[in-house]
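Just structure_35.cif here, mmCIF, C-alpha atoms and all ligand atoms:
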data_run
#
loop_
_atom_site.label_atom_id
_atom_site.label_comp_id
_atom_site.auth_asym_id
_atom_site.auth_seq_id
_atom_site.Cartn_x
_atom_site.Cartn_y
_atom_site.Cartn_z
CA MET A 1 -105.86 -39.04 -47.29
CA ARG A 2 -102.92 -36.85 -46.32
CA LYS A 3 -103.56 -33.16 -45.75
CA GLN A 4 -104.11 -30.92 -48.78
CA ILE A 5 -103.13 -27.33 -48.09
CA ALA A 6 -103.55 -23.90 -49.64
CA ALA A 7 -100.99 -21.70 -47.88
CA ALA A 8 -100.83 -17.97 -48.52
CA ASN A 9 -97.51 -16.22 -48.04
CA TRP A 10 -98.16 -12.49 -47.96
CA LYS A 11 -94.44 -11.73 -47.58
CA MET A 12 -93.88 -7.99 -46.90
CA ASN A 13 -97.07 -6.83 -48.58
CA LEU A 14 -100.37 -5.17 -47.59
CA THR A 15 -101.21 -2.74 -44.83
CA TYR A 16 -103.01 -4.06 -41.77
CA GLN A 17 -106.31 -2.69 -43.11
CA ASN A 18 -105.83 -4.19 -46.57
CA GLY A 19 -104.83 -7.50 -45.04
CA GLU A 20 -107.93 -7.57 -42.87
CA LYS A 21 -110.12 -6.76 -45.89
CA LEU A 22 -108.44 -9.49 -47.93
CA LEU A 23 -109.13 -12.05 -45.20
CA ASP A 24 -112.75 -10.88 -44.92
CA ASP A 25 -113.23 -11.23 -48.66
CA ILE A 26 -111.75 -14.72 -48.67
CA LEU A 27 -113.76 -15.87 -45.65
CA ASP A 28 -116.94 -14.35 -47.13
CA ALA A 29 -116.64 -16.91 -49.92
CA ASN A 30 -117.57 -19.39 -47.21
CA ILE A 31 -115.57 -22.30 -48.57
CA LYS A 32 -116.13 -25.24 -46.26
CA LEU A 33 -112.98 -27.30 -46.01
CA SER A 34 -113.10 -31.07 -45.59
CA SER A 35 -111.28 -32.62 -42.68
CA HIS A 36 -108.15 -33.27 -44.82
CA GLN A 37 -108.02 -29.72 -46.26
CA LEU A 38 -106.38 -26.66 -44.69
CA ALA A 39 -106.07 -22.99 -45.59
CA ILE A 40 -103.13 -21.26 -43.92
CA PHE A 41 -102.28 -17.56 -43.98
CA ALA A 42 -98.63 -16.67 -43.39
CA VAL A 43 -98.85 -12.98 -42.57
CA PRO A 44 -96.45 -10.31 -41.25
CA TYR A 45 -95.91 -10.47 -37.46
CA PRO A 46 -98.06 -7.41 -36.59
CA TYR A 47 -101.07 -9.05 -38.30
CA LEU A 48 -100.86 -12.44 -36.58
CA ILE A 49 -103.33 -11.81 -33.77
CA MET A 50 -105.85 -10.21 -36.10
CA THR A 51 -105.50 -13.12 -38.55
CA ARG A 52 -105.80 -15.70 -35.80
CA SER A 53 -109.01 -14.13 -34.54
CA GLU A 54 -110.43 -13.74 -38.07
CA VAL A 55 -110.05 -17.47 -38.73
CA GLU A 56 -110.69 -18.90 -35.30
CA ASP A 57 -114.32 -19.83 -35.91
CA GLU A 58 -113.57 -21.34 -39.31
CA LYS A 59 -112.80 -25.02 -39.48
CA ASN A 60 -109.28 -25.75 -40.75
CA TYR A 61 -108.28 -22.14 -41.42
CA TYR A 62 -105.09 -21.05 -39.60
CA ALA A 63 -102.71 -18.14 -39.17
CA ALA A 64 -98.98 -18.74 -39.63
CA ALA A 65 -95.84 -16.74 -39.04
CA GLN A 66 -93.42 -16.28 -41.94
CA ASN A 67 -90.36 -16.88 -39.79
CA CYS A 68 -89.05 -17.28 -36.28
CA HIS A 69 -85.58 -16.86 -34.82
CA HIS A 70 -83.16 -19.78 -34.46
CA LYS A 71 -82.33 -18.93 -30.83
CA ARG A 72 -84.68 -19.54 -27.95
CA SER A 73 -84.54 -15.99 -26.49
CA GLY A 74 -82.11 -13.24 -25.61
CA ALA A 75 -80.40 -10.14 -26.92
CA TYR A 76 -81.55 -10.32 -30.57
CA THR A 77 -83.12 -6.94 -31.16
CA GLY A 78 -85.96 -6.99 -33.64
CA GLU A 79 -86.33 -10.77 -33.71
CA VAL A 80 -89.30 -12.97 -32.80
CA SER A 81 -88.99 -16.36 -31.10
CA ALA A 82 -91.04 -19.52 -31.55
CA ASP A 83 -92.02 -19.23 -27.90
CA MET A 84 -93.50 -15.76 -28.55
CA LEU A 85 -95.51 -17.14 -31.45
CA HIS A 86 -96.79 -19.94 -29.26
CA SER A 87 -97.78 -17.43 -26.58
CA ILE A 88 -100.19 -15.73 -29.02
CA GLY A 89 -101.71 -19.01 -30.20
CA ILE A 90 -99.87 -19.51 -33.48
CA ASN A 91 -99.63 -23.12 -34.64
CA TYR A 92 -97.76 -22.83 -37.96
CA CYS A 93 -94.56 -21.13 -39.06
CA VAL A 94 -92.81 -20.96 -42.42
CA VAL A 95 -89.17 -21.96 -41.99
CA GLY A 96 -86.37 -21.56 -44.52
CA HIS A 97 -88.10 -19.64 -47.26
CA SER A 98 -85.65 -19.10 -50.12
CA GLU A 99 -85.88 -15.34 -49.66
CA ARG A 100 -84.71 -15.68 -46.06
CA ARG A 101 -81.97 -18.11 -47.07
CA GLU A 102 -80.80 -15.59 -49.67
CA TYR A 103 -81.26 -12.21 -47.96
CA ASN A 104 -80.75 -13.24 -44.35
CA GLY A 105 -78.06 -15.86 -44.77
CA GLU A 106 -80.09 -18.69 -43.27
CA THR A 107 -78.19 -21.96 -43.43
CA ASN A 108 -79.46 -25.54 -43.26
CA ALA A 109 -77.97 -25.80 -39.74
CA MET A 110 -79.80 -22.66 -38.53
CA LEU A 111 -83.00 -24.04 -40.01
CA ALA A 112 -82.55 -27.28 -38.07
CA ASP A 113 -82.50 -25.14 -34.89
CA LYS A 114 -85.63 -23.25 -35.97
CA VAL A 115 -87.44 -26.51 -36.70
CA ASN A 116 -86.53 -27.81 -33.23
CA LEU A 117 -87.77 -24.64 -31.54
CA CYS A 118 -91.03 -24.83 -33.49
CA TYR A 119 -91.63 -28.39 -32.28
CA GLU A 120 -90.75 -27.43 -28.70
CA ASN A 121 -93.51 -24.83 -28.94
CA ASN A 122 -96.14 -26.98 -30.64
CA ILE A 123 -95.74 -25.10 -33.89
CA ILE A 124 -95.81 -27.04 -37.14
CA PRO A 125 -93.04 -25.90 -39.47
CA VAL A 126 -93.82 -25.28 -43.12
CA PHE A 127 -90.32 -26.15 -44.23
CA CYS A 128 -89.23 -24.71 -47.57
CA CYS A 129 -86.71 -26.26 -49.91
CA GLY A 130 -85.89 -25.70 -53.55
CA GLU A 131 -83.08 -25.06 -55.97
CA PRO A 132 -81.84 -21.94 -57.77
CA LEU A 133 -81.81 -21.74 -61.55
CA ALA A 134 -78.12 -22.61 -61.94
CA ILE A 135 -78.63 -25.90 -60.10
CA ARG A 136 -81.69 -26.76 -62.20
CA GLU A 137 -79.71 -26.00 -65.38
CA GLU A 138 -76.89 -28.23 -64.18
CA GLY A 139 -79.45 -30.99 -63.50
CA THR A 140 -78.36 -31.49 -59.87
CA GLN A 141 -81.61 -30.35 -58.24
CA ASN A 142 -82.33 -33.73 -56.66
CA SER A 143 -79.15 -33.92 -54.63
CA TYR A 144 -79.48 -30.21 -53.76
CA VAL A 145 -82.95 -30.53 -52.24
CA ALA A 146 -82.14 -33.89 -50.63
CA ALA A 147 -79.26 -32.18 -48.77
CA GLN A 148 -81.64 -29.45 -47.59
CA LEU A 149 -83.92 -32.08 -46.06
CA ARG A 150 -81.06 -34.14 -44.65
CA GLU A 151 -79.28 -31.21 -42.98
CA SER A 152 -82.34 -29.49 -41.54
CA LEU A 153 -84.83 -32.28 -40.88
CA PHE A 154 -83.34 -35.75 -40.67
CA HIS A 155 -82.26 -35.41 -37.05
CA LEU A 156 -85.97 -35.51 -36.15
CA PRO A 157 -87.55 -38.71 -34.89
CA ALA A 158 -90.27 -40.22 -37.10
CA GLU A 159 -93.13 -39.10 -34.86
CA LYS A 160 -92.01 -35.47 -35.21
CA ILE A 161 -91.19 -35.34 -38.91
CA LYS A 162 -94.58 -36.95 -39.63
CA GLU A 163 -96.16 -33.66 -38.50
CA ILE A 164 -94.19 -31.40 -40.82
CA ILE A 165 -95.37 -29.65 -43.96
CA ILE A 166 -92.80 -29.37 -46.75
CA ALA A 167 -92.98 -26.73 -49.46
CA TYR A 168 -90.91 -27.34 -52.58
CA GLU A 169 -90.27 -23.95 -54.17
CA PRO A 170 -88.02 -23.85 -57.23
CA ILE A 171 -86.39 -20.44 -56.82
CA TRP A 172 -86.46 -19.84 -60.57
CA ALA A 173 -90.27 -20.02 -60.47
CA ILE A 174 -90.86 -17.63 -57.55
CA GLY A 175 -92.45 -14.35 -58.55
CA THR A 176 -91.25 -14.87 -62.13
CA GLY A 177 -94.51 -16.06 -63.64
CA LYS A 178 -92.50 -19.14 -64.67
CA THR A 179 -94.06 -22.29 -63.24
CA ALA A 180 -92.56 -25.73 -63.11
CA THR A 181 -94.46 -28.00 -65.48
CA THR A 182 -96.73 -30.51 -63.81
CA GLU A 183 -94.21 -33.20 -64.85
CA GLN A 184 -91.32 -31.31 -63.21
CA ALA A 185 -93.35 -30.72 -60.05
CA GLN A 186 -94.57 -34.31 -59.80
CA GLU A 187 -91.09 -35.69 -60.47
CA ILE A 188 -89.31 -33.75 -57.73
CA HIS A 189 -92.15 -34.10 -55.22
CA HIS A 190 -92.05 -37.84 -55.77
CA PHE A 191 -88.27 -37.77 -55.37
CA LEU A 192 -88.58 -35.88 -52.05
CA ARG A 193 -91.04 -38.49 -50.83
CA THR A 194 -88.60 -41.24 -51.78
CA VAL A 195 -85.79 -39.54 -49.86
CA ILE A 196 -88.01 -39.38 -46.76
CA ALA A 197 -89.12 -43.00 -47.22
CA ASP A 198 -85.47 -44.15 -47.46
CA GLN A 199 -84.57 -42.31 -44.26
CA TYR A 200 -87.73 -43.14 -42.30
CA SER A 201 -90.41 -45.35 -43.88
CA GLU A 202 -92.99 -45.37 -46.66
CA SER A 203 -95.73 -44.66 -44.18
CA VAL A 204 -93.96 -41.59 -42.76
CA ALA A 205 -93.30 -40.32 -46.30
CA ASP A 206 -96.92 -40.94 -47.25
CA ASP A 207 -98.21 -38.81 -44.39
CA ILE A 208 -96.22 -35.64 -45.16
CA PRO A 209 -97.89 -32.99 -47.29
CA ILE A 210 -95.55 -31.58 -49.93
CA LEU A 211 -96.76 -28.25 -51.29
CA TYR A 212 -95.61 -26.69 -54.54
CA GLY A 213 -94.62 -23.01 -54.52
CA GLY A 214 -93.58 -20.85 -57.44
CA SER A 215 -96.12 -18.84 -59.44
CA VAL A 216 -99.16 -20.87 -58.41
CA LYS A 217 -102.10 -18.98 -59.91
CA ALA A 218 -105.88 -19.38 -60.06
CA ASN A 219 -105.54 -20.79 -63.57
CA ASN A 220 -102.83 -23.39 -62.95
CA ALA A 221 -103.59 -24.54 -59.39
CA LYS A 222 -106.00 -27.32 -60.36
CA GLU A 223 -103.55 -28.87 -62.78
CA LEU A 224 -100.59 -28.66 -60.37
CA PHE A 225 -102.61 -30.00 -57.43
CA SER A 226 -103.85 -32.91 -59.54
CA CYS A 227 -100.35 -34.44 -59.45
CA PRO A 228 -100.39 -37.38 -57.02
CA ASP A 229 -97.47 -36.05 -54.96
CA VAL A 230 -98.47 -32.37 -54.97
CA ASP A 231 -100.58 -31.67 -51.90
CA GLY A 232 -101.44 -28.03 -52.47
CA GLY A 233 -99.43 -24.84 -52.75
CA LEU A 234 -97.49 -22.13 -50.96
CA VAL A 235 -98.63 -19.07 -52.81
CA GLY A 236 -97.13 -15.58 -52.93
CA GLY A 237 -98.50 -13.07 -55.46
CA ALA A 238 -101.84 -14.78 -56.11
CA SER A 239 -102.58 -14.97 -52.39
CA LEU A 240 -102.87 -11.17 -52.30
CA VAL A 241 -105.97 -11.17 -54.52
CA ALA A 242 -109.10 -12.55 -52.88
CA GLU A 243 -110.72 -14.03 -56.01
CA ASP A 244 -107.47 -15.74 -56.99
CA PHE A 245 -106.78 -17.28 -53.61
CA ILE A 246 -110.42 -18.41 -53.35
CA GLU A 247 -109.97 -20.33 -56.62
CA ILE A 248 -106.72 -21.80 -55.30
CA ILE A 249 -108.43 -23.05 -52.14
CA LYS A 250 -111.19 -24.53 -54.29
CA ALA A 251 -108.59 -26.33 -56.39
CA LEU A 252 -107.46 -28.50 -53.46
CA LYS A 253 -108.01 -32.22 -53.83
P1 LIG B 301 -95.11 -16.53 -55.99
O1 LIG B 301 -96.39 -17.32 -55.86
O2 LIG B 301 -95.34 -15.05 -56.00
O3 LIG B 301 -94.25 -17.03 -57.11
O4 LIG B 301 -94.30 -16.80 -54.63
C1 LIG B 301 -94.05 -18.10 -54.26
C2 LIG B 301 -93.53 -18.09 -52.87
O5 LIG B 301 -92.40 -17.69 -52.63
C3 LIG B 301 -94.44 -18.49 -51.80
O6 LIG B 301 -93.76 -18.66 -50.61
#
For this file, produce the structure as structure tokens.
Ligand code: 13P
Amino acid sequence: MRKQIAAANWKMNLTYQNGEKLLDDILDANIKLSSHQLAIFAVPYPYLIMTRSEVEDEKNYYAAAQNCHHKRSGAYTGEVSADMLHSIGINYCVVGHSERREYNGETNAMLADKVNLCYENNIIPVFCCGEPLAIREEGTQNSYVAAQLRESLFHLPAEKIKEIIIAYEPIWAIGTGKTATTEQAQEIHHFLRTVIADQYSESVADDIPILYGGSVKANNAKELFSCPDVDGGLVGGASLVAEDFIEIIKALK
């Protein structure tokens, strides 16, 4: 079975102390993950080492960065490179979140560079794609997300792209309380898998976890994750509340 993943994205929330307490509360629930299940915590940079050490004795729990820079190193004040993340033992990094695309002008070409730097540093990208409301209303979401994959990922050889995690996050459902219906989620996840299969092969497409992100909550996770092509979630708001994220982890297939 391909990997099923509950990924928390704390974004720019929580103090260090509150973050540590949240992790403790989640880990205290003692949810044993099966070999195909992962729980990943994408936390602010200053909390990465703490998070990594909190989860290091837990099977299949990992810390992730929320971003890395698209250049290898150099005079980029305030930025963090993939190599730096690797040097503190980080194995996952969110790449191309819609908030970074919107507020930091990240383009598909820059994201291709970030993805390459992640692979060079043994970091698995959690690559985000997804359409804004206007595109959904126009009905052109499929070609929009296909272009995001093509321009940022399809230069990768099969053995690399097989390792990636994709998160489909409809921008109109992020932080709005509006969730895609299970039919909408299944339909576009299936479409993304078809696009990957056409470019690579069915077996590559079958191996790649595709997470749904956009108002995943404790009370809708089970239904969303039950879709055959939805392999878990990338969760914002509900990942900040221990009881809610615990239920979301438990909802994994
Ligand atoms: P919400 O779960 O708060 O809608 O956020 C989704 C998201 O952006 C996760 O990366």
Nearby residues, ligand LIG 301 (chain B), 8 Å, all atoms listed in the file, as a PDB file with C-alpha atoms, in the coordinates of the input:
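Output below, filename result15.pdb:
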ATOM      1  CA  ALA A   8    -100.830 -17.970 -48.520  1.00  0.00           C
ATOM      2  CA  ASN A   9     -97.510 -16.220 -48.040  1.00  0.00           C
ATOM      3  CA  LYS A  11     -94.440 -11.730 -47.580  1.00  0.00           C
ATOM      4  CA  HIS A  97     -88.100 -19.640 -47.260  1.00  0.00           C
ATOM      5  CA  SER A  98     -85.650 -19.100 -50.120  1.00  0.00           C
ATOM      6  CA  GLU A  99     -85.880 -15.340 -49.660  1.00  0.00           C
ATOM      7  CA  GLU A 169     -90.270 -23.950 -54.170  1.00  0.00           C
ATOM      8  CA  ILE A 171     -86.390 -20.440 -56.820  1.00  0.00           C
ATOM      9  CA  ALA A 173     -90.270 -20.020 -60.470  1.00  0.00           C
ATOM     10  CA  ILE A 174     -90.860 -17.630 -57.550  1.00  0.00           C
ATOM     11  CA  GLY A 175     -92.450 -14.350 -58.550  1.00  0.00           C
ATOM     12  CA  THR A 176     -91.250 -14.870 -62.130  1.00  0.00           C
ATOM     13  CA  GLY A 177     -94.510 -16.060 -63.640  1.00  0.00           C
ATOM     14  CA  GLY A 213     -94.620 -23.010 -54.520  1.00  0.00           C
ATOM     15  CA  GLY A 214     -93.580 -20.850 -57.440  1.00  0.00           C
ATOM     16  CA  SER A 215     -96.120 -18.840 -59.440  1.00  0.00           C
ATOM     17  CA  VAL A 216     -99.160 -20.870 -58.410  1.00  0.00           C
ATOM     18  CA  LYS A 217    -102.100 -18.980 -59.910  1.00  0.00           C
ATOM     19  CA  LEU A 234     -97.490 -22.130 -50.960  1.00  0.00           C
ATOM     20  CA  VAL A 235     -98.630 -19.070 -52.810  1.00  0.00           C
ATOM     21  CA  GLY A 236     -97.130 -15.580 -52.930  1.00  0.00           C
ATOM     22  CA  GLY A 237     -98.500 -13.070 -55.460  1.00  0.00           C
ATOM     23  CA  ALA A 238    -101.840 -14.780 -56.110  1.00  0.00           C
ATOM     24  CA  SER A 239    -102.580 -14.970 -52.390  1.00  0.00           C
TER      25      SER A 239
END
* Asked: Using all atoms listed in the file, which residues sit within 12 Å of A:Asp24 once same-chain residues fewer than 2 positions away are excluded, as a PyMOL selection string?
  -> chain A and resi 17-22+26-30+50-51+53-55+58+241-243+246
* Residue with smallest distance to A:Leu111 - pool A:Cys68, A:Met1, A:Leu133, A:Ile90, counting all atoms listed in the file -> A:Cys68
Counting all atoms listed in the file, give me one row per residue of stretch 97-139 of chain A with an atom at most 12 Å from an atom of stretch 179-193 of chain A, showing the shortest contact pair and its distance in Å to one decimal, sorted by chain then residue number, as a tab-separated table.
residue	atom	partner	partner_atom	distance
A:Cys129	CA	A:Leu192	CA	10.0
A:Gly130	CA	A:Ile188	CA	9.7
A:Glu131	CA	A:Ile188	CA	10.8
A:Leu133	CA	A:Ala180	CA	11.6
A:Arg136	CA	A:Gln184	CA	10.7
A:Gly139	CA	A:Ile188	CA	11.8
* With all atoms listed in the file as the basis for distance, which of A:Leu240, A:Val95, A:Ala221, A:Val204 is at the shortest distance from A:Arg2? -> A:Val204
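The spacing separating atom CA of A:His70 from atom CA of A:Asp206 amounts to 28.3 Å.
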